[in-house]
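Have a look at the structure below, then the notes.
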Amino acid sequence: MNLYFAPLACSLATRIAFYEAGKDIHYTQVDLKAKRLADGTNYFRINPMGQVPALRTDDRKMLTENSAVLQFVGGLFPESGLVPADEIGRIQLARWLGFISTELHKTIFAPIFDGKAPEDVKAYARGKAPQRLDVLQNHLAGHEFLLDHFTVADAYLVTVLNWAASSNIDLREWPAVNEYHGRLLQRPSIAQAVREERQLYEQEQRAVSS
């Protein structure tokens, strides 16, 4: 399998999932600004939306959209528990993946990181954060993970929460969310994935500024 990713983007969640499952695959870095790979390949030829993640499976199928990719990866390795085995658990997983994708990723952070978005749009997006983080605060105050054990939803959530510091959103205002984020960053699969992708991100930024 081959994961097309960009350092510290939402594709980090899929890397975490593979590390959590103890599986080794190939990773291909995407320049999201240029929409190209290192060999010059136009990334739109791989994913017409130009977004990450994209996962090429062993049978040459191409999967896109983070929530779908994460559920596919978790389903490949049922022993990992990344996707619940029971129907209610899978429904709850879909609920949280939908919440993270629509209410956090696309509603708050996508406008903030959009270089073409006006400042009032970014401010409007930040204004959406308290209600959504309150939902997480209320849930995580009584739960170690989003479900009853670590799943791909946690891999996605910790990835998105990583962006708060760069968005002028102080997670300390939501103590349970802040504690959850800090605790999960210490999880071996997450610590390894974040460490490796932060190095790649810093290399990418140095190349842009040189």
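All residue names refer to the structure tokens as shown: chains lettered A, B, ... in order, residues numbered from 1 in each chain, ligands numbered from 1 in order.
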
Notebook entry, point to check: Leaving out Trp96 (chain A) and any residue of its chain fewer than 3 positions from it, which residues lie within 12 Å of it when counting only C-alpha atoms, given as a PyMOL selection string?
Noted result: chain A and resi 67+71+89-93+99-104+135-136+139+145-147+151-157

Deliver the residues from the most recent selection as a file, using C-alpha atoms, as a short mmCIF file (atom, residue, chain, number, x, y, z; two decimals), in the first residue's frame.
```
data_model
loop_
_atom_site.label_atom_id
_atom_site.label_comp_id
_atom_site.auth_asym_id
_atom_site.auth_seq_id
_atom_site.Cartn_x
_atom_site.Cartn_y
_atom_site.Cartn_z
CA SER A 67 -12.91 9.18 7.19
CA GLN A 71 -12.18 3.07 8.38
CA GLY A 89 -19.51 0.70 18.06
CA ARG A 90 -19.13 1.24 14.33
CA ILE A 91 -22.05 3.67 14.33
CA GLN A 92 -20.47 5.61 17.20
CA LEU A 93 -17.18 5.61 15.29
CA PHE A 99 -18.06 15.33 13.90
CA ILE A 100 -14.29 15.71 13.57
CA SER A 101 -14.44 16.06 9.79
CA THR A 102 -17.34 18.49 9.50
CA GLU A 103 -17.50 20.37 12.80
CA LEU A 104 -13.78 20.72 13.51
CA VAL A 135 -19.05 19.15 23.11
CA LEU A 136 -15.65 17.47 23.28
CA HIS A 139 -17.57 13.98 26.52
CA PHE A 145 -11.01 7.98 24.45
CA LEU A 146 -13.86 8.94 22.13
CA LEU A 147 -15.14 5.35 22.29
CA THR A 151 -9.81 3.93 17.52
CA VAL A 152 -9.14 5.72 14.24
CA ALA A 153 -11.41 8.49 15.52
CA ASP A 154 -8.81 9.29 18.19
CA ALA A 155 -6.07 9.26 15.55
CA TYR A 156 -8.06 11.85 13.57
CA LEU A 157 -8.98 13.97 16.59
#
```

Next item on the list: Report the residues of region 48-196 of chain A whose backbone DSSP state falls under helix (DSSP H, G or I), written as a PyMOL selection string.
Entry: chain A and resi 66-76+78-80+87-113+119-127+129-140+152-161+164-167+171-173+175-184+188-196

What lies within 10 Å of region 1-10 of chain A using only C-alpha atoms, ignoring chain neighbours under 5 positions off, as a PDB file with N, CA, C and O atoms, in the first residue's frame?
```pdb
ATOM      1  N   ARG A  15      -1.338   7.613   9.011  1.00  0.00           N
ATOM      2  CA  ARG A  15      -0.011   7.123   9.418  1.00  0.00           C
ATOM      3  C   ARG A  15      -0.082   6.579  10.843  1.00  0.00           C
ATOM      4  O   ARG A  15       0.447   5.506  11.135  1.00  0.00           O
ATOM      5  N   ASP A  24       3.805  -1.796   8.134  1.00  0.00           N
ATOM      6  CA  ASP A  24       4.731  -0.961   7.380  1.00  0.00           C
ATOM      7  C   ASP A  24       4.247  -0.855   5.936  1.00  0.00           C
ATOM      8  O   ASP A  24       4.001  -1.874   5.283  1.00  0.00           O
ATOM      9  N   ILE A  25       4.088   0.374   5.452  1.00  0.00           N
ATOM     10  CA  ILE A  25       3.678   0.590   4.073  1.00  0.00           C
ATOM     11  C   ILE A  25       4.599   1.642   3.457  1.00  0.00           C
ATOM     12  O   ILE A  25       5.532   2.124   4.101  1.00  0.00           O
ATOM     13  N   HIS A  26       4.320   2.008   2.219  1.00  0.00           N
ATOM     14  CA  HIS A  26       5.097   3.050   1.546  1.00  0.00           C
ATOM     15  C   HIS A  26       4.386   4.390   1.720  1.00  0.00           C
ATOM     16  O   HIS A  26       3.161   4.462   1.659  1.00  0.00           O
ATOM     17  N   TYR A  27       5.171   5.452   1.916  1.00  0.00           N
ATOM     18  CA  TYR A  27       4.626   6.802   2.081  1.00  0.00           C
ATOM     19  C   TYR A  27       5.195   7.708   1.003  1.00  0.00           C
ATOM     20  O   TYR A  27       6.413   7.767   0.803  1.00  0.00           O
ATOM     21  N   THR A  28       4.314   8.440   0.321  1.00  0.00           N
ATOM     22  CA  THR A  28       4.725   9.369  -0.728  1.00  0.00           C
ATOM     23  C   THR A  28       4.275  10.773  -0.349  1.00  0.00           C
ATOM     24  O   THR A  28       3.080  11.028  -0.179  1.00  0.00           O
ATOM     25  N   GLN A  29       5.253  11.678  -0.210  1.00  0.00           N
ATOM     26  CA  GLN A  29       4.945  13.038   0.217  1.00  0.00           C
ATOM     27  C   GLN A  29       4.408  13.866  -0.943  1.00  0.00           C
ATOM     28  O   GLN A  29       4.907  13.794  -2.064  1.00  0.00           O
ATOM     29  N   VAL A  30       3.395  14.673  -0.624  1.00  0.00           N
ATOM     30  CA  VAL A  30       2.749  15.540  -1.607  1.00  0.00           C
ATOM     31  C   VAL A  30       3.035  16.999  -1.244  1.00  0.00           C
ATOM     32  O   VAL A  30       2.905  17.397  -0.087  1.00  0.00           O
ATOM     33  N   ASP A  31       3.431  17.781  -2.234  1.00  0.00           N
ATOM     34  CA  ASP A  31       3.530  19.230  -2.069  1.00  0.00           C
ATOM     35  C   ASP A  31       2.136  19.790  -2.342  1.00  0.00           C
ATOM     36  O   ASP A  31       1.716  19.890  -3.501  1.00  0.00           O
ATOM     37  N   LEU A  32       1.405  20.140  -1.290  1.00  0.00           N
ATOM     38  CA  LEU A  32       0.020  20.548  -1.467  1.00  0.00           C
ATOM     39  C   LEU A  32      -0.109  21.914  -2.132  1.00  0.00           C
ATOM     40  O   LEU A  32      -1.150  22.195  -2.751  1.00  0.00           O
ATOM     41  N   LEU A  37       4.231  15.728  -6.774  1.00  0.00           N
ATOM     42  CA  LEU A  37       5.086  14.823  -6.030  1.00  0.00           C
ATOM     43  C   LEU A  37       6.533  15.194  -6.294  1.00  0.00           C
ATOM     44  O   LEU A  37       6.837  16.024  -7.163  1.00  0.00           O
ATOM     45  N   TYR A  43      -0.269  15.911  -8.932  1.00  0.00           N
ATOM     46  CA  TYR A  43      -1.037  15.159  -7.941  1.00  0.00           C
ATOM     47  C   TYR A  43      -2.518  15.061  -8.299  1.00  0.00           C
ATOM     48  O   TYR A  43      -3.202  14.132  -7.876  1.00  0.00           O
ATOM     49  N   ILE A  46      -3.684  11.839  -9.433  1.00  0.00           N
ATOM     50  CA  ILE A  46      -3.875  10.788  -8.425  1.00  0.00           C
ATOM     51  C   ILE A  46      -5.170  11.026  -7.652  1.00  0.00           C
ATOM     52  O   ILE A  46      -5.975  10.119  -7.464  1.00  0.00           O
ATOM     53  N   ASN A  47      -5.366  12.249  -7.203  1.00  0.00           N
ATOM     54  CA  ASN A  47      -6.593  12.635  -6.511  1.00  0.00           C
ATOM     55  C   ASN A  47      -7.117  13.916  -7.152  1.00  0.00           C
ATOM     56  O   ASN A  47      -6.510  14.977  -6.995  1.00  0.00           O
ATOM     57  N   GLN A  51      -6.249  16.712  -2.613  1.00  0.00           N
ATOM     58  CA  GLN A  51      -6.163  16.662  -1.162  1.00  0.00           C
ATOM     59  C   GLN A  51      -5.515  15.361  -0.696  1.00  0.00           C
ATOM     60  O   GLN A  51      -5.445  14.388  -1.431  1.00  0.00           O
ATOM     61  N   VAL A  52      -5.056  15.366   0.547  1.00  0.00           N
ATOM     62  CA  VAL A  52      -4.583  14.158   1.208  1.00  0.00           C
ATOM     63  C   VAL A  52      -5.565  13.845   2.335  1.00  0.00           C
ATOM     64  O   VAL A  52      -6.265  14.742   2.820  1.00  0.00           O
ATOM     65  N   PRO A  53      -5.620  12.563   2.722  1.00  0.00           N
ATOM     66  CA  PRO A  53      -4.842  11.436   2.221  1.00  0.00           C
ATOM     67  C   PRO A  53      -5.445  10.831   0.958  1.00  0.00           C
ATOM     68  O   PRO A  53      -6.620  11.012   0.663  1.00  0.00           O
ATOM     69  N   ALA A  54      -4.599  10.102   0.246  1.00  0.00           N
ATOM     70  CA  ALA A  54      -5.039   9.176  -0.792  1.00  0.00           C
ATOM     71  C   ALA A  54      -4.272   7.891  -0.543  1.00  0.00           C
ATOM     72  O   ALA A  54      -3.074   7.935  -0.261  1.00  0.00           O
ATOM     73  N   LEU A  55      -4.952   6.784  -0.616  1.00  0.00           N
ATOM     74  CA  LEU A  55      -4.330   5.496  -0.313  1.00  0.00           C
ATOM     75  C   LEU A  55      -4.496   4.567  -1.501  1.00  0.00           C
ATOM     76  O   LEU A  55      -5.624   4.258  -1.903  1.00  0.00           O
ATOM     77  N   ARG A  56      -3.363   4.128  -2.058  1.00  0.00           N
ATOM     78  CA  ARG A  56      -3.403   3.117  -3.109  1.00  0.00           C
ATOM     79  C   ARG A  56      -3.262   1.755  -2.444  1.00  0.00           C
ATOM     80  O   ARG A  56      -2.267   1.476  -1.781  1.00  0.00           O
ATOM     81  N   THR A  57      -4.264   0.925  -2.625  1.00  0.00           N
ATOM     82  CA  THR A  57      -4.287  -0.375  -1.973  1.00  0.00           C
ATOM     83  C   THR A  57      -3.408  -1.369  -2.726  1.00  0.00           C
ATOM     84  O   THR A  57      -2.939  -1.102  -3.837  1.00  0.00           O
ATOM     85  N   ASP A  58      -3.223  -2.524  -2.127  1.00  0.00           N
ATOM     86  CA  ASP A  58      -2.392  -3.555  -2.756  1.00  0.00           C
ATOM     87  C   ASP A  58      -2.987  -4.053  -4.070  1.00  0.00           C
ATOM     88  O   ASP A  58      -2.251  -4.551  -4.932  1.00  0.00           O
ATOM     89  N   ASP A  59      -4.303  -3.920  -4.220  1.00  0.00           N
ATOM     90  CA  ASP A  59      -4.908  -4.339  -5.494  1.00  0.00           C
ATOM     91  C   ASP A  59      -5.131  -3.152  -6.431  1.00  0.00           C
ATOM     92  O   ASP A  59      -5.957  -3.216  -7.334  1.00  0.00           O
ATOM     93  N   ARG A  60      -4.383  -2.056  -6.168  1.00  0.00           N
ATOM     94  CA  ARG A  60      -4.291  -0.895  -7.061  1.00  0.00           C
ATOM     95  C   ARG A  60      -5.531  -0.016  -7.057  1.00  0.00           C
ATOM     96  O   ARG A  60      -5.681   0.847  -7.929  1.00  0.00           O
ATOM     97  N   LYS A  61      -6.408  -0.190  -6.094  1.00  0.00           N
ATOM     98  CA  LYS A  61      -7.533   0.732  -5.957  1.00  0.00           C
ATOM     99  C   LYS A  61      -7.062   1.993  -5.253  1.00  0.00           C
ATOM    100  O   LYS A  61      -6.172   1.942  -4.397  1.00  0.00           O
ATOM    101  N   MET A  62      -7.662   3.141  -5.589  1.00  0.00           N
ATOM    102  CA  MET A  62      -7.305   4.397  -4.952  1.00  0.00           C
ATOM    103  C   MET A  62      -8.453   4.849  -4.062  1.00  0.00           C
ATOM    104  O   MET A  62      -9.588   5.001  -4.524  1.00  0.00           O
ATOM    105  N   LEU A  63      -8.158   5.039  -2.780  1.00  0.00           N
ATOM    106  CA  LEU A  63      -9.154   5.494  -1.815  1.00  0.00           C
ATOM    107  C   LEU A  63      -8.829   6.916  -1.388  1.00  0.00           C
ATOM    108  O   LEU A  63      -7.663   7.246  -1.151  1.00  0.00           O
ATOM    109  N   THR A  64      -9.854   7.754  -1.276  1.00  0.00           N
ATOM    110  CA  THR A  64      -9.684   9.124  -0.808  1.00  0.00           C
ATOM    111  C   THR A  64     -10.730   9.420   0.265  1.00  0.00           C
ATOM    112  O   THR A  64     -11.596   8.601   0.538  1.00  0.00           O
ATOM    113  N   GLU A  65     -10.637  10.605   0.844  1.00  0.00           N
ATOM    114  CA  GLU A  65     -11.481  11.085   1.939  1.00  0.00           C
ATOM    115  C   GLU A  65     -11.054  10.425   3.246  1.00  0.00           C
ATOM    116  O   GLU A  65     -11.118   9.218   3.412  1.00  0.00           O
ATOM    117  N   ASN A  66     -10.642  11.271   4.165  1.00  0.00           N
ATOM    118  CA  ASN A  66      -9.991  10.814   5.388  1.00  0.00           C
ATOM    119  C   ASN A  66     -10.815   9.795   6.172  1.00  0.00           C
ATOM    120  O   ASN A  66     -10.302   8.750   6.588  1.00  0.00           O
ATOM    121  N   VAL A  69     -10.799   6.444   4.375  1.00  0.00           N
ATOM    122  CA  VAL A  69      -9.483   5.808   4.415  1.00  0.00           C
ATOM    123  C   VAL A  69      -9.216   5.222   5.798  1.00  0.00           C
ATOM    124  O   VAL A  69      -8.741   4.088   5.939  1.00  0.00           O
ATOM    125  N   SER A 101     -14.618  15.611  11.171  1.00  0.00           N
ATOM    126  CA  SER A 101     -14.444  16.060   9.790  1.00  0.00           C
ATOM    127  C   SER A 101     -15.220  17.333   9.494  1.00  0.00           C
ATOM    128  O   SER A 101     -14.666  18.288   8.931  1.00  0.00           O
ATOM    129  N   HIS A 105     -12.610  19.989  11.511  1.00  0.00           N
ATOM    130  CA  HIS A 105     -11.683  20.134  10.385  1.00  0.00           C
ATOM    131  C   HIS A 105     -12.173  21.170   9.376  1.00  0.00           C
ATOM    132  O   HIS A 105     -11.489  22.166   9.098  1.00  0.00           O
ATOM    133  N   ALA A 155      -7.192   8.889  16.416  1.00  0.00           N
ATOM    134  CA  ALA A 155      -6.070   9.260  15.547  1.00  0.00           C
ATOM    135  C   ALA A 155      -6.393  10.538  14.777  1.00  0.00           C
ATOM    136  O   ALA A 155      -5.538  11.422  14.609  1.00  0.00           O
ATOM    137  N   TYR A 156      -7.633  10.659  14.312  1.00  0.00           N
ATOM    138  CA  TYR A 156      -8.062  11.848  13.567  1.00  0.00           C
ATOM    139  C   TYR A 156      -8.177  13.047  14.503  1.00  0.00           C
ATOM    140  O   TYR A 156      -7.718  14.150  14.195  1.00  0.00           O
ATOM    141  N   LEU A 157      -8.769  12.841  15.679  1.00  0.00           N
ATOM    142  CA  LEU A 157      -8.975  13.968  16.592  1.00  0.00           C
ATOM    143  C   LEU A 157      -7.655  14.554  17.066  1.00  0.00           C
ATOM    144  O   LEU A 157      -7.489  15.785  17.079  1.00  0.00           O
ATOM    145  N   VAL A 158      -6.704  13.725  17.457  1.00  0.00           N
ATOM    146  CA  VAL A 158      -5.433  14.270  17.930  1.00  0.00           C
ATOM    147  C   VAL A 158      -4.727  15.016  16.805  1.00  0.00           C
ATOM    148  O   VAL A 158      -4.071  16.048  17.039  1.00  0.00           O
ATOM    149  N   THR A 159      -4.887  14.553  15.580  1.00  0.00           N
ATOM    150  CA  THR A 159      -4.302  15.244  14.425  1.00  0.00           C
ATOM    151  C   THR A 159      -4.888  16.639  14.279  1.00  0.00           C
ATOM    152  O   THR A 159      -4.157  17.624  14.081  1.00  0.00           O
ATOM    153  N   VAL A 160      -6.199  16.750  14.392  1.00  0.00           N
ATOM    154  CA  VAL A 160      -6.868  18.045  14.248  1.00  0.00           C
ATOM    155  C   VAL A 160      -6.542  18.963  15.425  1.00  0.00           C
ATOM    156  O   VAL A 160      -6.310  20.167  15.250  1.00  0.00           O
ATOM    157  N   ASN A 162      -3.893  19.109  17.006  1.00  0.00           N
ATOM    158  CA  ASN A 162      -2.534  19.632  16.827  1.00  0.00           C
ATOM    159  C   ASN A 162      -2.533  21.015  16.186  1.00  0.00           C
ATOM    160  O   ASN A 162      -1.578  21.778  16.355  1.00  0.00           O
ATOM    161  N   TRP A 163      -3.564  21.325  15.431  1.00  0.00           N
ATOM    162  CA  TRP A 163      -3.614  22.587  14.679  1.00  0.00           C
ATOM    163  C   TRP A 163      -4.068  23.763  15.530  1.00  0.00           C
ATOM    164  O   TRP A 163      -3.977  24.914  15.097  1.00  0.00           O
ATOM    165  N   ALA A 193       4.754   9.120  14.830  1.00  0.00           N
ATOM    166  CA  ALA A 193       4.219   9.730  13.610  1.00  0.00           C
ATOM    167  C   ALA A 193       4.401  11.242  13.622  1.00  0.00           C
ATOM    168  O   ALA A 193       4.809  11.843  12.616  1.00  0.00           O
ATOM    169  N   VAL A 194       4.114  11.884  14.748  1.00  0.00           N
ATOM    170  CA  VAL A 194       4.246  13.334  14.846  1.00  0.00           C
ATOM    171  C   VAL A 194       5.705  13.746  14.734  1.00  0.00           C
ATOM    172  O   VAL A 194       6.042  14.722  14.040  1.00  0.00           O
ATOM    173  N   ARG A 195       6.582  13.031  15.397  1.00  0.00           N
ATOM    174  CA  ARG A 195       8.008  13.352  15.342  1.00  0.00           C
ATOM    175  C   ARG A 195       8.522  13.281  13.906  1.00  0.00           C
ATOM    176  O   ARG A 195       9.216  14.197  13.428  1.00  0.00           O
ATOM    177  N   GLU A 196       8.184  12.222  13.206  1.00  0.00           N
ATOM    178  CA  GLU A 196       8.671  12.053  11.834  1.00  0.00           C
ATOM    179  C   GLU A 196       8.089  13.108  10.898  1.00  0.00           C
ATOM    180  O   GLU A 196       8.810  13.678  10.069  1.00  0.00           O
ATOM    181  N   GLU A 197       6.805  13.376  11.045  1.00  0.00           N
ATOM    182  CA  GLU A 197       6.197  14.341  10.125  1.00  0.00           C
ATOM    183  C   GLU A 197       6.590  15.774  10.464  1.00  0.00           C
ATOM    184  O   GLU A 197       6.658  16.612   9.558  1.00  0.00           O
ATOM    185  N   ARG A 198       6.860  16.058  11.730  1.00  0.00           N
ATOM    186  CA  ARG A 198       7.338  17.405  12.063  1.00  0.00           C
ATOM    187  C   ARG A 198       8.692  17.664  11.412  1.00  0.00           C
ATOM    188  O   ARG A 198       8.950  18.773  10.923  1.00  0.00           O
ATOM    189  N   GLN A 199       9.551  16.668  11.400  1.00  0.00           N
ATOM    190  CA  GLN A 199      10.845  16.819  10.723  1.00  0.00           C
ATOM    191  C   GLN A 199      10.657  17.081   9.236  1.00  0.00           C
ATOM    192  O   GLN A 199      11.320  17.950   8.655  1.00  0.00           O
ATOM    193  N   LEU A 200       9.746  16.349   8.608  1.00  0.00           N
ATOM    194  CA  LEU A 200       9.474  16.553   7.184  1.00  0.00           C
ATOM    195  C   LEU A 200       8.868  17.937   6.938  1.00  0.00           C
ATOM    196  O   LEU A 200       9.185  18.584   5.944  1.00  0.00           O
ATOM    197  N   TYR A 201       7.990  18.367   7.832  1.00  0.00           N
ATOM    198  CA  TYR A 201       7.374  19.691   7.709  1.00  0.00           C
ATOM    199  C   TYR A 201       8.427  20.790   7.801  1.00  0.00           C
ATOM    200  O   TYR A 201       8.420  21.755   7.009  1.00  0.00           O
ATOM    201  N   GLU A 202       9.337  20.653   8.757  1.00  0.00           N
ATOM    202  CA  GLU A 202      10.386  21.656   8.907  1.00  0.00           C
ATOM    203  C   GLU A 202      11.302  21.691   7.700  1.00  0.00           C
ATOM    204  O   GLU A 202      11.729  22.771   7.259  1.00  0.00           O
ATOM    205  N   GLN A 203      11.617  20.517   7.145  1.00  0.00           N
ATOM    206  CA  GLN A 203      12.405  20.474   5.908  1.00  0.00           C
ATOM    207  C   GLN A 203      11.670  21.162   4.762  1.00  0.00           C
ATOM    208  O   GLN A 203      12.266  21.913   3.984  1.00  0.00           O
ATOM    209  N   GLU A 204      10.394  20.934   4.682  1.00  0.00           N
ATOM    210  CA  GLU A 204       9.566  21.547   3.636  1.00  0.00           C
ATOM    211  C   GLU A 204       9.565  23.056   3.778  1.00  0.00           C
ATOM    212  O   GLU A 204       9.687  23.789   2.779  1.00  0.00           O
TER     213      GLU A 204
END
```

Next item on the list: Pick out each residue of region 56-159 of chain A that DSSP on the backbone tags as strand (DSSP E); I need them as a PyMOL selection string.
Entry: chain A and resi 56+62-64

Please dump the current selection as a PDB file, in the first residue's frame; keep N, CA, C and O atoms.
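Result written to selection_18.pdb:
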```
ATOM      1  N   ARG A  56      -3.363   4.128  -2.058  1.00  0.00           N
ATOM      2  CA  ARG A  56      -3.403   3.117  -3.109  1.00  0.00           C
ATOM      3  C   ARG A  56      -3.262   1.755  -2.444  1.00  0.00           C
ATOM      4  O   ARG A  56      -2.267   1.476  -1.781  1.00  0.00           O
ATOM      5  N   MET A  62      -7.662   3.141  -5.589  1.00  0.00           N
ATOM      6  CA  MET A  62      -7.305   4.397  -4.952  1.00  0.00           C
ATOM      7  C   MET A  62      -8.453   4.849  -4.062  1.00  0.00           C
ATOM      8  O   MET A  62      -9.588   5.001  -4.524  1.00  0.00           O
ATOM      9  N   LEU A  63      -8.158   5.039  -2.780  1.00  0.00           N
ATOM     10  CA  LEU A  63      -9.154   5.494  -1.815  1.00  0.00           C
ATOM     11  C   LEU A  63      -8.829   6.916  -1.388  1.00  0.00           C
ATOM     12  O   LEU A  63      -7.663   7.246  -1.151  1.00  0.00           O
ATOM     13  N   THR A  64      -9.854   7.754  -1.276  1.00  0.00           N
ATOM     14  CA  THR A  64      -9.684   9.124  -0.808  1.00  0.00           C
ATOM     15  C   THR A  64     -10.730   9.420   0.265  1.00  0.00           C
ATOM     16  O   THR A  64     -11.596   8.601   0.538  1.00  0.00           O
TER      17      THR A  64
END
```

Set out as a tab-separated table a contact list for region 3-63 of chain A and region 166-188 of chain A with a cut-off of 10 Å, giving each residue of region 3-63 of chain A that qualifies its closest atom pair and distance in Å to one decimal, counting only C-alpha atoms, ordered by chain and rising residue number.
```
residue	atom	partner	partner_atom	distance
A:Ile16	CA	A:Pro188	CA	9.4
A:Tyr19	CA	A:Pro188	CA	8.7
A:Glu20	CA	A:Pro188	CA	8.2
```

Pull N, CA, C and O atoms from the residues just selected and write them as a CSV table (one decimal), in the first residue's frame.
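Below is the file that was written, part-v8.csv:
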```csv
chain,number,residue,atom,x,y,z
A,16,ILE,N,-0.7,7.3,11.7
A,16,ILE,CA,-0.9,6.9,13.1
A,16,ILE,C,-1.6,5.5,13.1
A,16,ILE,O,-1.2,4.6,13.9
A,19,TYR,N,0.8,2.8,12.1
A,19,TYR,CA,1.8,2.6,13.2
A,19,TYR,C,1.1,1.8,14.4
A,19,TYR,O,1.7,1.0,15.0
A,20,GLU,N,-0.1,2.2,14.7
A,20,GLU,CA,-0.9,1.6,15.8
A,20,GLU,C,-1.1,0.1,15.5
A,20,GLU,O,-1.0,-0.7,16.4
```

Next item on the list: Please indicate the distance in Å from CA of Val121 (chain A) to CA of Gly98 (chain A), rounded to one decimal place.
Entry: 22.5 Å

Note to self: I'd like the interatomic distance between CA of Phe150 (chain A) and CA of Ala17 (chain A), to a tenth of an Å.
What the structure shows: 10.1 Å

Next item on the list: For each of A:Ser209, A:Phe77, A:Lys128, A:Asp134, take the minimum atom-to-atom distance to Gly22 (chain A), counting only C-alpha atoms, then give the residue where this is smallest.
Entry: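 Checking each of A:Ser209, A:Phe77, A:Lys128, A:Asp134 against Gly22 (chain A), counting only C-alpha atoms, the winner is A:Phe77.
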
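Interatomic distance, CA of Gln205 (chain A) to CA of Lys33 (chain A): 11.7 Å.
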